[in-house]
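K.L.:
This is the structure I want to talk about, given as structure tokens.
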Amino acid sequence: MSNSQVAAKAAAPVVVVTGVSSGIGRTTAEKFARQGCQVFGTVRSIAKTKPLQGVELVEMDVRDDASVKQAVQSIVDRAGRIDVLVNNAGVTMVGAVEETAIHEAASLFETNVFGILRTAQAVLPHMRARRSGRIVNVSSVLGLLPAPYMGLYSASKHAVEGLSETLDHEVRQFGIRVTLVEPHYTRTNLDLNSPQASSKIAAYDRERGLVSQAVADSVNSAPEPDGVANTIVEAALGAWRMRRTPAGQASLLSKLRRFMPAGPVDSSLRKSFGLG
């Protein structure tokens with residue numbers, strides 16, 4: 001590698017993207033690499049993940065404290081710093097609130113909420129030392145809207161929204177900003193293969209079935225992850241804004257929630273979930 005290549009690599013933003021084995025995370029990591037960033041993508045198993053061009057894979061389980069700390073330290077040791085953290089790793093689940101077991105809810109929060117807390121806590125000391133950094137948390141429009149039969153997923157994303165806004169207030173004194181990206185349905189395996197609560201209550205079968213079908217139809221007709229990935233890259237490298245919603249349905253729903261009366265929003269939401 002020539003001196004100029006070494007200098008260019010040293011100047012390139014160092015980006016960490018969690019959950020790059022497929023879907024939004026994988027597409028996002030590839031886009032950062034094409035922007036010339038030095039990209040590290042985290043996966044639970046490198047052996048089970050297809051390589052990504054321009055992305056260095058790092059094994060990390062966001063549900064495990066030691067795994068997160070070790071992975072972040074290994075990245076800092078190799079790259080010298082972390083400029084951007086993209087918290088993309090997440091899971092979902094379909095089920096009525098009443099039929100969702102506590103251990104199922106806790107497992108979902110371990111990834112979607114505490115996973116973000118672990119990675120942020122591991123990265124922030126390095127960002128504070130350099131007085132610079134950007135944390136991008138991938139939320140959802142269900143972080144600002146209710147979601148019948150996806151109540152715990154929606155609750156986890158509402159938690160991500162509150163955590164992110166609060167964290168941004170706390171760390172901006174150190175030159176660090178936190179931002180949210182709020183996608184809608186995207187054609188990914190996460191949405192297509194949503195697990196269901198294991199202890200079903202028959203009284204909810206009809207509506208749960210309607211919602212599951214409506215979600216499946218929406219996912220099958222949803223755009224590929226490119227639009228969301230572009231929005232994440234803009235949120236990470238562009239001017240800071242607290243929230244960014246990809247163009248299309250996500251942006252429309254965000255505006256409806258904030259500016260439309262509650263009644264019409266409620267009716268529209270029920271219709272979109274097949275509940276009429």
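Labels used: A, B, ... for chains in the order of the structure tokens, numbers from 1 for residues in each chain, and numbers from 1 for ligands as shown.
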As a list in words, please: all residues of stretch 90-153 of chain A that backbone DSSP puts in strand (DSSP E or B).
P.N.:
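Filtering stretch 90-153 of chain A to strand (DSSP E or B) leaves Val94, Gly95, Gly133, Arg134, Ile135, Val136, Asn137, Val138 and Met150 of chain A.
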K.L.:
Could you name the residues that touch stretch 77-93 of chain A at 8 Å or less, counting only C-alpha atoms, but leaving out those on the same chain fewer than 6 positions away, as number ranges by chain?
P.N.:
A: 13-20, 24-25, 62, 108, 111-112, 115-116, 119-120, 123, 126-127, 132-138, 150, 152-153, 190-191, 194-197, 232, 236
K.L.:
Residues near A:Leu275, anyone? I mean within 10 Å using only C-alpha atoms, not counting same-chain ones fewer than 4 positions away, as a compact mmCIF listing (two decimals) with C-alpha atoms, in the first residue's frame.
P.N.:
# COMPACT_ATOMS: atom_id res chain seq x y z
CA PRO A 148 -51.76 -4.26 16.75
CA ARG A 206 -59.15 -14.06 13.71
CA GLU A 207 -57.62 -10.61 14.08
CA ARG A 208 -54.07 -11.94 14.47
CA LEU A 210 -55.78 -10.70 9.45
CA VAL A 211 -52.82 -8.66 10.71
CA ALA A 214 -51.70 -7.71 5.93
CA SER A 267 -58.86 4.56 11.50
CA SER A 268 -56.20 4.60 8.80
CA LEU A 269 -53.85 2.49 10.88
CA ARG A 270 -56.51 -0.15 11.60
CA LYS A 271 -57.32 -0.34 7.92
K.L.:
Counting only C-alpha atoms, which residue out of A:Val113, A:Ala122, A:Ala105, A:Ala159 sits closest to A:Asp65?
P.N.:
A:Ala122
K.L.:
Among stretch 9-87 of chain A, which ones does DSSP assign to alpha helix (DSSP H) (computed from the backbone)? Answer as number ranges by chain.
P.N.:
A: 9-11, 23-34, 65-79
K.L.:
To one decimal place, how far is atom CA of A:Ala106 from atom CA of A:Arg63 in Å?
P.N.:
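That distance, rounded to one decimal, is 11.0 Å.
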K.L.:
Which residues come within 8 Å of A:Tyr185, counting only C-alpha atoms, excluding same-chain residues fewer than 6 positions away, as a PDB file with all heavy atoms, in the first residue's frame?
P.N.:
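Final output, part37.pdb:
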ATOM      1  N   ASP A 191     -38.649  -9.309   8.318  1.00  0.00           N
ATOM      2  CA  ASP A 191     -40.091  -9.100   8.266  1.00  0.00           C
ATOM      3  C   ASP A 191     -40.831 -10.311   7.693  1.00  0.00           C
ATOM      4  O   ASP A 191     -41.943 -10.627   8.110  1.00  0.00           O
ATOM      5  CB  ASP A 191     -40.411  -7.864   7.422  1.00  0.00           C
ATOM      6  CG  ASP A 191     -39.974  -6.579   8.107  1.00  0.00           C
ATOM      7  OD1 ASP A 191     -40.167  -6.475   9.331  1.00  0.00           O
ATOM      8  OD2 ASP A 191     -39.427  -5.691   7.441  1.00  0.00           O
ATOM      9  N   SER A 218     -47.815  -6.506   2.770  1.00  0.00           N
ATOM     10  CA  SER A 218     -47.072  -5.242   2.730  1.00  0.00           C
ATOM     11  C   SER A 218     -45.582  -5.489   2.514  1.00  0.00           C
ATOM     12  O   SER A 218     -44.929  -4.764   1.762  1.00  0.00           O
ATOM     13  CB  SER A 218     -47.298  -4.458   4.026  1.00  0.00           C
ATOM     14  OG  SER A 218     -48.640  -4.061   4.154  1.00  0.00           O
ATOM     15  N   VAL A 219     -45.048  -6.504   3.182  1.00  0.00           N
ATOM     16  CA  VAL A 219     -43.626  -6.809   3.035  1.00  0.00           C
ATOM     17  C   VAL A 219     -43.321  -7.285   1.612  1.00  0.00           C
ATOM     18  O   VAL A 219     -42.325  -6.885   1.001  1.00  0.00           O
ATOM     19  CB  VAL A 219     -43.178  -7.866   4.060  1.00  0.00           C
ATOM     20  CG1 VAL A 219     -41.759  -8.348   3.761  1.00  0.00           C
ATOM     21  CG2 VAL A 219     -43.250  -7.299   5.466  1.00  0.00           C
ATOM     22  N   ALA A 222     -43.150  -4.409  -0.584  1.00  0.00           N
ATOM     23  CA  ALA A 222     -42.290  -3.327  -0.089  1.00  0.00           C
ATOM     24  C   ALA A 222     -41.030  -3.197  -0.931  1.00  0.00           C
ATOM     25  O   ALA A 222     -40.616  -4.144  -1.613  1.00  0.00           O
ATOM     26  CB  ALA A 222     -41.910  -3.594   1.369  1.00  0.00           C
ATOM     27  N   PRO A 223     -40.384  -2.051  -0.890  1.00  0.00           N
ATOM     28  CA  PRO A 223     -39.132  -1.869  -1.633  1.00  0.00           C
ATOM     29  C   PRO A 223     -37.987  -2.642  -1.009  1.00  0.00           C
ATOM     30  O   PRO A 223     -38.033  -3.036   0.162  1.00  0.00           O
ATOM     31  CB  PRO A 223     -38.884  -0.353  -1.539  1.00  0.00           C
ATOM     32  CG  PRO A 223     -39.627   0.074  -0.321  1.00  0.00           C
ATOM     33  CD  PRO A 223     -40.815  -0.823  -0.205  1.00  0.00           C
TER      34      PRO A 223
END
K.L.:
Restricting the calculation to only C-alpha atoms: of A:Arg187, A:Lys200, A:Arg128, A:Lys69, which residue gets closest to A:Gly227?
P.N.:
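When distances to A:Gly227 are compared using only C-alpha atoms, the smallest one comes from A:Arg187.
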